[in-house]
Protein chains: 2
Amino acid sequence: MKGINMIQLAKELGLSVSTVSKALGDSHEISSTTKKRVMELAKKYNYKPNPFASNLRKKKGKQIAVIIPDIVNNFFALAVDGIESVTMAKHYDTFIYLTHENLEREKSVLEHLENGLISGLIISVCTGREGYGHFQQFYESARLPMVFFDRVPDLLQFPKVISNNYESTFESTERLIKAGSKRPLFIQTEEPLYTLMERRRGFQDALVANGISFTDESLITCSENMEDNYLLLKKLFSSRKRPDGIFAPIEKFAITVYQVCRDLKLNIPKDLKVIGMTNLRTAALLNPSLSTLSQPAFDMGREAATLLLKMIEKKSYAAANDIIVLANELTIRDSV
Amino acid sequence: MKGINMIQLAKELGLSVSTVSKALGDSHEISSTTKKRVMELAKKYNYKPNPFASNLRKKKGKQIAVIIPDIVNNFFALAVDGIESVTMAKHYDTFIYLTHENLEREKSVLEHLENGLISGLIISVCTGREGYGHFQQFYESARLPMVFFDRVPDLLQFPKVISNNYESTFESTERLIKAGSKRPLFIQTEEPLYTLMERRRGFQDALVANGISFTDESLITCSENMEDNYLLLKKLFSSRKRPDGIFAPIEKFAITVYQVCRDLKLNIPKDLKVIGMTNLRTAALLNPSLSTLSQPAFDMGREAATLLLKMIEKKSYAAANDIIVLANELTIRDSV
DNA sequence: GTGAAAGCGCTAACAG
DNA sequence: CTGTTAGCGCTTTCAC
């Protein structure tokens, strides 16, 4: 019941297994008539080569892993969509692992994958102060092609797919200022990743370029705990010296800003102008509609997967220093 | 470089491979001192059993597949999160396949998976008039445990995880009516799945139970093409006989309703009361805040995965008729 | 153009 | 409690 195998196929065809194997692999050393016979019987029996056997023998397979912090986030969901669109087309199977911003989990996934299950990885790292030694270490022992996207380890020499964080944040911040913000605020995280550092740098440079001094009050540090963040922002927004503009470089922070403003009855954009870095589909429907800097998430996933498969198939580790940079898109709506 | 194998381990320990294998498998027929020796050397070399070899030999592995229509949708993203939380804990690997509501793609994924790569599947079906023959057929030939969730094929005898669509839609519709809606509208799809039929039934019964007649005008049929839907709803909302209440049983329809109202300057809830079936995180921040009937997406994923792994491990196909029903949650906000 | 044979790394009888 | 042995189903030299 559970599928026929090559031996039975060969037997029925009066051929050897090796001939059948080669025919199925469309080898040039097999006559086209034999190939046709083999293919036809294979189709008749709906024969599918056992991937475990062939992977074992070839010591590699068509499976890759995607390791991301979160899937309940439009950016990552879109990126996975982009990845899957190319793996599907190239007949690769895609494993998914979620780290939930937990470094231990990230490490244990990596450790698990040293068993040889996969032929390559696509990764967006989770936040954490410990650096990226585990990736380097994984690579040393597994020697597998790896592509990072968006949240990339800046110090390691791996191919990366990112977006123009510095430039687009600079531009966004200028819009905030041009719209009248005198004291723009940037929300940062405790252990900023490279990606976030770039955004912050864009923000800072935009202030300076527009004659606004960048001080401690230009930044606020939020955590993974959204309730803490809510209270922190509420306190800040209630104070005399509250900001009059905000660049939220992470989707959930933008949402929190809106919640705080709603509860404090602060008027956006009169009291506070807001630009959020997000791929929310409902941005235009928020009250007021949210101005967004969105990332080309689907395309980033697509590029990362394309690059990875190229590395897997061509063994072109030469690509190891590739950095693909795509452009973010600024959409100004009523919140500015 | 690329990992040590069992033979080398055995050699270094002065044991046979089978002893090592059993020791690693924590078999009771191995002395605890031997086990300890084996485990230690394995750890020292960071030895990981080759999954292809062991899957080949055992004719099964710890990989499962998740087949869903879409990942850029909070419901499915949350469900995947729930699934992953249990597969991760039980050391299973999770493949993901997206069908994008494309029946051909659904069939081809299924066909691909007949190769034996996985030990079980979790599925939410895509819309389409062709029925579910391919699932039955797949099962006949692959004999793999399968669990369906949310969008389930009502006619097939497989375990399912769903939510109380009928009851919760009934309740939601009553709220619409109690809030003053005289002509509530339900948005349906061209080829309604069982899940949607149940919601529609709840809607219909709520009208009747509240003395409102259920007519052709109580329903509108939307498609996969969101632009068409936008125009269709715009036309309807502009007409004399426009509805004064809406139950949108699908997230994207609720969003379209909001877009149309915004563009038509219709006041929600004065002109139109809206309840949307969605897991949007931003529902409370929309203008006005959207009343939602949300599904316990994470829990549904978790239950589905728990059930599947139970079936895989206990071979308890007896569970085949299990239907787990979880409760949806109605949250009334300003849109009603 | 086709076949024989070795073996990928592991597990599971079966013997001892 | 430990070892011997026979494969799982496939790919890949190497002969013919």
# chains A, B, ... in the order shown; residues from 1 in each chain; ligands from 1

$ residues_around --residues "DT2 (chain C)" --least-positions-apart "6" --cutoff "12 Å" --atoms "only C-alpha atoms (C1' of nucleotides)" --output "number ranges by chain"
A: 14-23, 29-31, 34; D: 15-16

$ write_last_selection --atoms "all heavy atoms" --output "short mmCIF file (atom, residue, chain, number, x, y, z; two decimals), in the first residue's frame"
data_model
loop_
_atom_site.label_atom_id
_atom_site.label_comp_id
_atom_site.auth_asym_id
_atom_site.auth_seq_id
_atom_site.Cartn_x
_atom_site.Cartn_y
_atom_site.Cartn_z
N GLY A 14 12.11 -5.40 -16.25
CA GLY A 14 13.17 -6.26 -16.72
C GLY A 14 14.49 -5.50 -16.84
O GLY A 14 15.30 -5.77 -17.73
N LEU A 15 14.67 -4.53 -15.97
CA LEU A 15 15.90 -3.73 -16.00
C LEU A 15 16.57 -3.80 -14.63
O LEU A 15 15.99 -4.29 -13.67
CB LEU A 15 15.55 -2.27 -16.29
CG LEU A 15 15.05 -1.92 -17.71
CD1 LEU A 15 14.51 -0.51 -17.73
CD2 LEU A 15 16.19 -2.08 -18.70
N SER A 16 17.76 -3.29 -14.54
CA SER A 16 18.41 -3.24 -13.24
C SER A 16 18.04 -1.95 -12.53
O SER A 16 17.62 -0.98 -13.17
CB SER A 16 19.92 -3.28 -13.42
OG SER A 16 20.37 -2.06 -13.93
N VAL A 17 18.18 -1.97 -11.23
CA VAL A 17 17.86 -0.77 -10.47
C VAL A 17 18.71 0.41 -10.91
O VAL A 17 18.24 1.54 -10.96
CB VAL A 17 18.08 -0.94 -8.95
CG1 VAL A 17 16.82 -1.35 -8.27
CG2 VAL A 17 19.20 -1.91 -8.68
N SER A 18 19.95 0.14 -11.21
CA SER A 18 20.80 1.27 -11.56
C SER A 18 20.32 1.95 -12.84
O SER A 18 20.33 3.17 -12.97
CB SER A 18 22.26 0.85 -11.66
OG SER A 18 22.44 -0.03 -12.74
N THR A 19 19.87 1.13 -13.78
CA THR A 19 19.34 1.72 -15.01
C THR A 19 18.10 2.55 -14.71
O THR A 19 17.95 3.67 -15.19
CB THR A 19 18.98 0.59 -16.01
OG1 THR A 19 20.13 -0.20 -16.23
CG2 THR A 19 18.49 1.19 -17.31
N VAL A 20 17.25 2.00 -13.87
CA VAL A 20 16.04 2.73 -13.52
C VAL A 20 16.40 4.05 -12.82
O VAL A 20 15.88 5.11 -13.15
CB VAL A 20 15.14 1.88 -12.61
CG1 VAL A 20 13.97 2.71 -12.09
CG2 VAL A 20 14.63 0.67 -13.36
N SER A 21 17.32 3.98 -11.90
CA SER A 21 17.73 5.17 -11.19
C SER A 21 18.23 6.24 -12.15
O SER A 21 17.84 7.40 -12.09
CB SER A 21 18.84 4.81 -10.20
OG SER A 21 19.38 5.97 -9.61
N LYS A 22 19.08 5.80 -13.05
CA LYS A 22 19.62 6.75 -14.03
C LYS A 22 18.53 7.29 -14.94
O LYS A 22 18.50 8.49 -15.26
CB LYS A 22 20.71 6.08 -14.87
CG LYS A 22 22.00 5.90 -14.11
CD LYS A 22 22.94 4.98 -14.89
CE LYS A 22 24.16 4.60 -14.06
NZ LYS A 22 24.85 3.43 -14.65
N ALA A 23 17.64 6.43 -15.36
CA ALA A 23 16.55 6.87 -16.24
C ALA A 23 15.71 7.93 -15.54
O ALA A 23 15.39 8.97 -16.11
CB ALA A 23 15.69 5.68 -16.64
N GLU A 29 23.30 8.74 -20.19
CA GLU A 29 23.77 7.42 -20.62
C GLU A 29 22.66 6.38 -20.78
O GLU A 29 22.93 5.20 -20.91
CB GLU A 29 24.87 6.91 -19.68
CG GLU A 29 24.62 7.18 -18.23
CD GLU A 29 25.75 6.63 -17.34
OE1 GLU A 29 26.41 5.66 -17.72
OE2 GLU A 29 25.93 7.18 -16.23
N ILE A 30 21.44 6.83 -20.76
CA ILE A 30 20.31 5.91 -20.94
C ILE A 30 19.58 6.26 -22.23
O ILE A 30 19.36 7.43 -22.53
CB ILE A 30 19.34 6.03 -19.74
CG1 ILE A 30 20.05 5.73 -18.42
CG2 ILE A 30 18.14 5.12 -19.93
CD1 ILE A 30 20.53 4.30 -18.27
N SER A 31 19.21 5.24 -22.97
CA SER A 31 18.52 5.49 -24.25
C SER A 31 17.15 6.10 -24.00
O SER A 31 16.52 5.83 -22.98
CB SER A 31 18.34 4.18 -25.00
OG SER A 31 17.32 3.41 -24.41
N THR A 34 14.28 3.65 -23.35
CA THR A 34 14.26 3.09 -22.00
C THR A 34 13.74 4.13 -21.01
O THR A 34 12.90 3.84 -20.16
CB THR A 34 15.68 2.68 -21.57
OG1 THR A 34 16.20 1.77 -22.53
CG2 THR A 34 15.65 2.03 -20.21
P DA D 15 37.23 -1.45 -12.93
OP1 DA D 15 38.39 -1.78 -12.08
OP2 DA D 15 37.39 -0.52 -14.07
"O5'" DA D 15 36.62 -2.81 -13.49
"C5'" DA D 15 35.55 -2.68 -14.37
"C4'" DA D 15 34.62 -3.86 -14.30
"O4'" DA D 15 33.28 -3.32 -14.28
"C3'" DA D 15 34.74 -4.70 -15.57
"O3'" DA D 15 34.34 -6.03 -15.32
"C2'" DA D 15 33.79 -3.99 -16.51
"C1'" DA D 15 32.70 -3.44 -15.57
N9 DA D 15 32.22 -2.10 -15.98
C8 DA D 15 32.92 -0.92 -15.99
N7 DA D 15 32.22 0.11 -16.41
C5 DA D 15 30.97 -0.44 -16.69
C6 DA D 15 29.78 0.11 -17.17
N6 DA D 15 29.65 1.39 -17.46
N1 DA D 15 28.72 -0.71 -17.34
C2 DA D 15 28.86 -2.00 -17.04
N3 DA D 15 29.92 -2.65 -16.57
C4 DA D 15 30.96 -1.79 -16.42
P DC D 16 34.78 -7.12 -16.49
OP1 DC D 16 34.64 -8.44 -15.82
OP2 DC D 16 36.07 -6.69 -17.09
"O5'" DC D 16 33.65 -7.00 -17.61
"C5'" DC D 16 32.39 -7.64 -17.41
"C4'" DC D 16 31.41 -7.10 -18.41
"O4'" DC D 16 31.36 -5.67 -18.35
"C3'" DC D 16 31.73 -7.44 -19.87
"O3'" DC D 16 30.74 -8.35 -20.34
"C2'" DC D 16 31.60 -6.09 -20.61
"C1'" DC D 16 30.85 -5.25 -19.60
N1 DC D 16 31.07 -3.78 -19.73
C2 DC D 16 29.98 -2.97 -20.10
O2 DC D 16 28.87 -3.50 -20.30
N3 DC D 16 30.16 -1.63 -20.22
C4 DC D 16 31.36 -1.09 -19.99
N4 DC D 16 31.49 0.23 -20.10
C5 DC D 16 32.48 -1.89 -19.61
C6 DC D 16 32.29 -3.23 -19.49
#

$ select_by_dssp --residues "region 57-217 of chain B" --states "alpha helix (DSSP H)" --output "ChimeraX atom specification"
/B:57-58,74-89,103-112,133-142,165-178,194-209

$ closest_atom_pairs --of "chain D" --to "chain B" --cutoff "9 Å" --atoms "only C-alpha atoms (C1' of nucleotides)" --output "tab-separated table"
residue	atom	partner	partner_atom	distance
D:DC1	C1'	B:Ile30	CA	5.8
D:DT2	C1'	B:Thr19	CA	6.5
D:DG3	C1'	B:Ser16	CA	6.2
D:DG7	C1'	B:Arg57	CA	8.4
D:DC8	C1'	B:Arg57	CA	4.3
D:DG9	C1'	B:Leu56	CA	7.7

$ calpha_fit_and_write --fixed "chain A" --moving "chain B" --output "compact mmCIF listing (two decimals) with C-alpha atoms, in the first residue's frame"
# COMPACT_ATOMS: atom_id res chain seq x y z
CA MET B 1 0.05 -0.08 0.00
CA LYS B 2 2.72 2.36 1.05
CA GLY B 3 4.41 2.97 -2.26
CA ILE B 4 6.45 0.87 -4.56
CA ASN B 5 10.22 1.12 -4.72
CA MET B 6 12.85 1.21 -7.37
CA ILE B 7 13.70 -2.45 -7.17
CA GLN B 8 10.18 -3.47 -8.03
CA LEU B 9 10.06 -0.95 -10.82
CA ALA B 10 13.30 -2.30 -12.23
CA LYS B 11 12.11 -5.86 -11.97
CA GLU B 12 8.89 -5.15 -13.80
CA LEU B 13 10.76 -3.32 -16.51
CA GLY B 14 13.41 -5.97 -16.85
CA LEU B 15 16.08 -3.37 -16.14
CA SER B 16 18.62 -2.84 -13.41
CA VAL B 17 17.99 -0.43 -10.58
CA SER B 18 20.83 1.76 -11.65
CA THR B 19 19.35 2.17 -15.09
CA VAL B 20 16.05 3.06 -13.56
CA SER B 21 17.71 5.48 -11.21
CA LYS B 22 19.50 7.19 -14.03
CA ALA B 23 16.42 7.24 -16.20
CA LEU B 24 14.43 8.87 -13.44
CA GLY B 25 17.21 11.38 -13.04
CA ASP B 26 16.97 12.09 -16.75
CA SER B 27 20.59 11.14 -17.22
CA HIS B 28 22.09 11.63 -20.66
CA GLU B 29 23.52 8.13 -20.63
CA ILE B 30 20.12 6.53 -20.95
CA SER B 31 18.29 6.09 -24.22
CA SER B 32 15.19 8.14 -24.59
CA THR B 33 13.06 5.08 -25.24
CA THR B 34 14.16 3.53 -21.96
CA LYS B 35 13.57 6.78 -20.19
CA LYS B 36 10.07 6.91 -21.54
CA ARG B 37 9.32 3.36 -20.46
CA VAL B 38 10.62 4.03 -16.99
CA MET B 39 8.81 7.31 -16.58
CA GLU B 40 5.58 5.79 -17.69
CA LEU B 41 5.66 2.89 -15.33
CA ALA B 42 6.71 5.20 -12.53
CA LYS B 43 3.73 7.39 -13.22
CA LYS B 44 1.43 4.42 -13.46
CA TYR B 45 2.43 3.29 -9.99
CA ASN B 46 2.65 6.84 -8.74
CA TYR B 47 6.21 6.06 -7.77
CA LYS B 48 8.04 8.66 -5.69
CA PRO B 49 11.69 8.18 -4.79
CA ASN B 50 12.21 7.86 -1.08
CA PRO B 51 13.84 11.13 -0.02
CA PHE B 52 15.51 9.62 3.01
CA ALA B 53 17.30 7.02 0.97
CA SER B 54 18.39 9.43 -1.68
CA ASN B 55 19.39 12.12 0.79
CA LEU B 56 21.36 9.58 2.74
CA ARG B 57 23.16 8.41 -0.31
CA LYS B 58 23.78 11.85 -1.77
CA LYS B 59 24.49 13.37 1.62
CA LYS B 60 22.22 16.26 0.93
CA GLY B 61 18.60 17.00 0.32
CA LYS B 62 16.18 19.65 -0.82
CA GLN B 63 15.16 20.89 2.56
CA ILE B 64 15.98 24.26 4.02
CA ALA B 65 15.23 25.94 7.31
CA VAL B 66 13.86 29.38 8.05
CA ILE B 67 14.62 30.74 11.49
CA ILE B 68 12.78 33.90 12.47
CA PRO B 69 11.84 35.58 15.71
CA ASP B 70 8.13 35.69 15.11
CA ILE B 71 5.48 34.91 12.55
CA VAL B 72 2.67 37.02 13.97
CA ASN B 73 4.07 40.11 12.37
CA ASN B 74 3.30 41.18 8.89
CA PHE B 75 6.90 41.72 8.00
CA PHE B 76 7.96 38.17 8.78
CA ALA B 77 4.77 36.66 7.46
CA LEU B 78 5.34 38.39 4.13
CA ALA B 79 8.98 37.38 4.11
CA VAL B 80 8.05 33.75 4.67
CA ASP B 81 5.56 34.10 1.86
CA GLY B 82 8.34 35.33 -0.39
CA ILE B 83 10.68 32.56 0.66
CA GLU B 84 8.04 29.91 0.18
CA SER B 85 7.23 31.18 -3.27
CA VAL B 86 10.71 30.32 -4.46
CA THR B 87 11.29 27.14 -2.51
CA MET B 88 7.95 25.85 -3.75
CA ALA B 89 8.84 26.66 -7.34
CA LYS B 90 12.19 24.92 -7.05
CA HIS B 91 10.75 21.92 -5.26
CA TYR B 92 12.43 22.53 -1.98
CA ASP B 93 10.76 21.87 1.36
CA THR B 94 10.81 24.59 3.95
CA PHE B 95 11.10 24.03 7.68
CA ILE B 96 10.07 26.85 9.95
CA TYR B 97 11.42 27.61 13.40
CA LEU B 98 10.32 30.49 15.61
CA THR B 99 12.64 31.84 18.25
CA HIS B 100 10.31 34.32 19.91
CA GLU B 101 13.25 36.60 20.55
CA ASN B 102 14.68 33.94 22.78
CA LEU B 103 18.38 33.45 22.31
CA GLU B 104 18.40 30.05 23.95
CA ARG B 105 15.80 28.87 21.55
CA GLU B 106 17.77 30.23 18.64
CA LYS B 107 20.82 28.34 19.81
CA SER B 108 18.95 25.13 20.37
CA VAL B 109 17.39 25.25 16.91
CA LEU B 110 20.80 25.71 15.44
CA GLU B 111 22.20 22.89 17.48
CA HIS B 112 19.38 20.64 16.40
CA LEU B 113 20.05 21.45 12.77
CA GLU B 114 23.60 20.22 13.03
CA ASN B 115 22.18 16.76 12.46
CA GLY B 116 22.24 17.36 8.75
CA LEU B 117 18.51 17.58 8.12
CA ILE B 118 18.84 20.60 5.87
CA SER B 119 20.97 21.97 3.10
CA GLY B 120 20.79 25.63 3.95
CA LEU B 121 19.28 28.26 6.23
CA ILE B 122 17.60 31.61 6.03
CA ILE B 123 17.80 33.56 9.24
CA SER B 124 16.60 36.74 10.85
CA VAL B 125 18.26 36.93 14.25
CA CYS B 126 16.63 37.64 17.55
CA THR B 127 17.68 40.44 19.82
CA GLY B 128 20.13 39.74 22.59
CA ARG B 129 23.40 41.00 23.87
CA GLU B 130 25.38 37.83 23.42
CA GLY B 131 26.50 38.38 19.91
CA TYR B 132 26.53 35.91 17.12
CA GLY B 133 29.13 33.39 18.10
CA HIS B 134 26.66 30.57 17.76
CA PHE B 135 26.12 31.29 14.09
CA GLN B 136 29.81 31.31 13.37
CA GLN B 137 30.21 28.15 15.37
CA PHE B 138 27.35 26.49 13.57
CA TYR B 139 28.89 27.37 10.28
CA GLU B 140 32.28 26.03 11.28
CA SER B 141 30.84 22.66 12.05
CA ALA B 142 27.98 22.35 9.59
CA ARG B 143 29.44 24.24 6.62
CA LEU B 144 26.00 24.94 5.29
CA PRO B 145 25.00 27.89 3.12
CA MET B 146 23.31 30.55 5.23
CA VAL B 147 21.59 33.77 4.23
CA PHE B 148 20.53 36.41 6.71
CA PHE B 149 17.80 38.94 6.09
CA ASP B 150 16.65 42.13 7.74
CA ARG B 151 17.96 41.43 11.21
CA VAL B 152 21.47 40.53 10.23
CA PRO B 153 24.63 40.03 12.26
CA ASP B 154 26.79 42.86 11.02
CA LEU B 155 30.04 41.36 12.16
CA LEU B 156 29.81 38.07 10.35
CA GLN B 157 30.75 37.41 6.77
CA PHE B 158 27.56 35.92 5.42
CA PRO B 159 25.36 36.97 2.53
CA LYS B 160 22.60 39.30 3.60
CA VAL B 161 19.41 40.79 2.31
CA ILE B 162 18.51 44.07 3.91
CA SER B 163 16.68 47.28 3.12
CA ASN B 164 17.98 50.82 3.02
CA ASN B 165 17.38 51.49 6.67
CA TYR B 166 19.67 54.46 7.04
CA GLU B 167 18.51 56.41 4.04
CA SER B 168 14.82 55.73 4.44
CA THR B 169 14.83 56.59 8.11
CA PHE B 170 16.68 59.78 7.32
CA GLU B 171 14.04 60.67 4.79
CA SER B 172 11.20 59.80 7.12
CA THR B 173 12.63 61.84 9.92
CA GLU B 174 13.02 64.81 7.64
CA ARG B 175 9.34 64.55 6.78
CA LEU B 176 8.53 64.64 10.47
CA ILE B 177 10.62 67.76 10.87
CA LYS B 178 9.34 69.45 7.73
CA ALA B 179 5.83 68.84 9.02
CA GLY B 180 6.71 70.88 12.07
CA SER B 181 8.17 68.54 14.64
CA LYS B 182 10.73 70.33 16.79
CA ARG B 183 11.46 67.49 19.19
CA PRO B 184 11.29 64.20 17.35
CA LEU B 185 11.73 61.03 19.32
CA PHE B 186 13.18 57.70 18.25
CA ILE B 187 12.19 54.52 20.05
CA GLN B 188 15.10 52.19 20.48
CA THR B 189 15.52 48.78 22.06
CA GLU B 190 17.76 47.75 24.88
CA GLU B 191 20.22 45.79 22.78
CA PRO B 192 19.92 47.36 19.39
CA LEU B 193 20.73 45.14 16.48
CA TYR B 194 22.65 46.42 13.52
CA THR B 195 19.42 46.96 11.62
CA LEU B 196 18.06 49.20 14.33
CA MET B 197 21.34 51.00 14.74
CA GLU B 198 21.21 51.96 11.12
CA ARG B 199 17.74 53.38 11.54
CA ARG B 200 18.82 55.27 14.56
CA ARG B 201 21.78 56.64 12.71
CA GLY B 202 19.49 57.84 9.94
CA PHE B 203 17.28 59.49 12.51
CA GLN B 204 20.15 61.18 14.26
CA ASP B 205 21.72 62.48 11.08
CA ALA B 206 18.39 63.86 9.92
CA LEU B 207 18.06 65.87 13.11
CA VAL B 208 21.53 67.29 12.78
CA ALA B 209 21.11 68.01 9.09
CA ASN B 210 18.04 70.01 9.95
CA GLY B 211 19.51 71.99 12.77
CA ILE B 212 17.95 70.06 15.62
CA SER B 213 20.26 68.89 18.32
CA PHE B 214 20.33 65.22 19.06
CA THR B 215 20.24 64.67 22.81
CA ASP B 216 19.30 62.04 25.35
CA GLU B 217 15.77 63.23 25.01
CA SER B 218 15.73 62.29 21.36
CA LEU B 219 15.69 58.64 22.36
CA ILE B 220 13.61 56.40 24.53
CA THR B 221 14.40 52.77 25.22
CA CYS B 222 11.60 50.23 25.09
CA SER B 223 11.70 46.57 25.99
CA GLU B 224 10.05 43.33 24.95
CA ASN B 225 7.39 43.87 27.59
CA MET B 226 4.64 45.79 25.89
CA GLU B 227 2.90 46.75 29.11
CA ASP B 228 6.03 48.36 30.44
CA ASN B 229 6.41 50.17 27.16
CA TYR B 230 2.86 51.41 27.34
CA LEU B 231 3.42 52.85 30.79
CA LEU B 232 6.77 54.30 29.86
CA LEU B 233 5.39 56.09 26.84
CA LYS B 234 2.33 57.21 28.72
CA LYS B 235 4.49 58.81 31.35
CA LEU B 236 6.66 60.52 28.78
CA PHE B 237 3.71 61.76 26.75
CA SER B 238 2.11 63.17 29.89
CA SER B 239 5.16 65.18 30.85
CA ARG B 240 5.83 68.78 30.02
CA LYS B 241 8.70 67.96 27.77
CA ARG B 242 6.88 65.49 25.67
CA PRO B 243 8.02 64.90 22.10
CA ASP B 244 5.99 66.27 19.21
CA GLY B 245 7.08 63.68 16.69
CA ILE B 246 7.90 60.00 16.75
CA PHE B 247 9.67 57.57 14.55
CA ALA B 248 8.78 54.05 15.63
CA PRO B 249 11.23 51.68 13.99
CA ILE B 250 9.29 48.57 14.97
CA GLU B 251 5.69 47.71 14.25
CA LYS B 252 4.57 46.96 17.76
CA PHE B 253 5.99 50.19 19.08
CA ALA B 254 3.93 52.15 16.59
CA ILE B 255 0.84 50.36 17.79
CA THR B 256 1.66 51.18 21.38
CA VAL B 257 2.13 54.83 20.50
CA TYR B 258 -1.35 54.86 19.05
CA GLN B 259 -2.79 53.18 22.10
CA VAL B 260 -1.17 55.69 24.41
CA CYS B 261 -2.35 58.66 22.35
CA ARG B 262 -5.86 57.31 22.26
CA ASP B 263 -5.94 56.81 26.01
CA LEU B 264 -4.31 60.15 26.69
CA LYS B 265 -6.54 61.86 24.15
CA LEU B 266 -3.52 63.29 22.42
CA ASN B 267 -4.25 64.41 18.90
CA ILE B 268 -2.25 62.85 16.10
CA PRO B 269 -0.83 64.68 14.20
CA LYS B 270 -1.50 67.98 15.98
CA ASP B 271 0.10 67.03 19.27
CA LEU B 272 2.28 64.28 17.95
CA LYS B 273 3.32 63.36 14.44
CA VAL B 274 3.91 59.69 13.90
CA ILE B 275 5.69 57.56 11.36
CA GLY B 276 5.89 53.86 12.01
CA MET B 277 8.05 51.27 10.39
CA THR B 278 5.53 48.57 9.63
CA ASN B 279 3.91 46.41 7.03
CA LEU B 280 0.46 46.63 8.60
CA ARG B 281 -2.29 46.23 6.07
CA THR B 282 -4.58 48.34 8.19
CA ALA B 283 -2.30 51.36 8.44
CA ALA B 284 -4.60 53.41 6.24
CA LEU B 285 -7.61 52.57 8.36
CA LEU B 286 -6.23 53.55 11.73
CA ASN B 287 -7.41 56.63 13.50
CA PRO B 288 -5.85 58.68 12.09
CA SER B 289 -4.34 56.80 9.20
CA LEU B 290 -0.76 55.91 10.01
CA SER B 291 2.13 57.11 7.92
CA THR B 292 4.38 54.16 7.33
CA LEU B 293 7.84 53.30 6.27
CA SER B 294 7.35 49.80 5.01
CA GLN B 295 9.87 47.22 4.01
CA PRO B 296 9.69 45.16 0.82
CA ALA B 297 9.18 42.11 2.96
CA PHE B 298 8.01 39.70 0.31
CA ASP B 299 10.84 40.68 -2.00
CA MET B 300 13.38 40.39 0.76
CA GLY B 301 12.23 36.85 1.42
CA ARG B 302 12.27 36.06 -2.26
CA GLU B 303 15.79 37.42 -2.72
CA ALA B 304 17.08 35.61 0.32
CA ALA B 305 15.69 32.30 -0.88
CA THR B 306 16.91 32.80 -4.42
CA LEU B 307 20.38 33.53 -3.15
CA LEU B 308 20.36 30.56 -0.80
CA LEU B 309 19.28 28.10 -3.45
CA LYS B 310 21.92 29.44 -5.76
CA MET B 311 24.52 28.83 -3.09
CA ILE B 312 23.23 25.35 -2.41
CA GLU B 313 23.14 24.34 -6.02
CA LYS B 314 26.18 26.00 -7.42
CA LYS B 315 28.27 25.60 -4.34
CA SER B 316 29.15 29.19 -5.03
CA TYR B 317 30.21 30.16 -1.58
CA ALA B 318 31.84 32.99 -3.41
CA ALA B 319 28.54 34.75 -2.85
CA ALA B 320 29.39 34.83 0.82
CA ASN B 321 29.87 38.54 0.86
CA ASP B 322 26.84 39.46 -1.13
CA ILE B 323 24.70 42.12 0.41
CA ILE B 324 21.47 42.80 -1.36
CA VAL B 325 19.85 46.10 -0.45
CA LEU B 326 16.24 46.79 -1.32
CA ALA B 327 14.37 50.04 -0.87
CA ASN B 328 11.85 50.78 1.85
CA GLU B 329 8.75 52.71 0.95
CA LEU B 330 7.56 55.81 2.75
CA THR B 331 3.84 56.48 2.66
CA ILE B 332 2.71 59.69 4.27
CA ARG B 333 -0.83 59.62 5.60
CA ASP B 334 -2.75 61.64 8.17
CA SER B 335 -0.49 60.99 11.13
CA VAL B 336 2.09 63.53 9.97

$ closest_atom_pairs --of "chain C" --to "chain B" --cutoff "8 Å" --atoms "only C-alpha atoms (C1' of nucleotides)" --output "Markdown table"
| residue | atom | partner | partner_atom | distance |
| --- | --- | --- | --- | --- |
| C:DC8 | C1' | B:Ala53 | CA | 7.8 |
| C:DG9 | C1' | B:Ala53 | CA | 5.0 |
| C:DC10 | C1' | B:Ser54 | CA | 4.9 |
| C:DT11 | C1' | B:Arg57 | CA | 6.1 |

$ write_last_selection --atoms "C-alpha atoms (C1' of nucleotides)" --output "short mmCIF file (atom, residue, chain, number, x, y, z; two decimals), in the first residue's frame"
data_model
loop_
_atom_site.label_atom_id
_atom_site.label_comp_id
_atom_site.auth_asym_id
_atom_site.auth_seq_id
_atom_site.Cartn_x
_atom_site.Cartn_y
_atom_site.Cartn_z
"C1'" DC C 8 25.32 6.04 2.67
"C1'" DG C 9 24.38 5.65 8.56
"C1'" DC C 10 21.35 3.68 11.12
"C1'" DT C 11 17.99 0.14 13.61
#

$ residues_around --residues "DA6 (chain D)" --least-positions-apart "2" --cutoff "10 Å" --atoms "only C-alpha atoms (C1' of nucleotides)" --output "list in words"
DA12 and DA13 of chain C; DT4 of chain D

$ select_by_dssp --residues "region 144-244 of chain B" --states "strand (DSSP E)" --output "PyMOL selection string"
chain B and resi 146-149+160-163+184-189+219-222
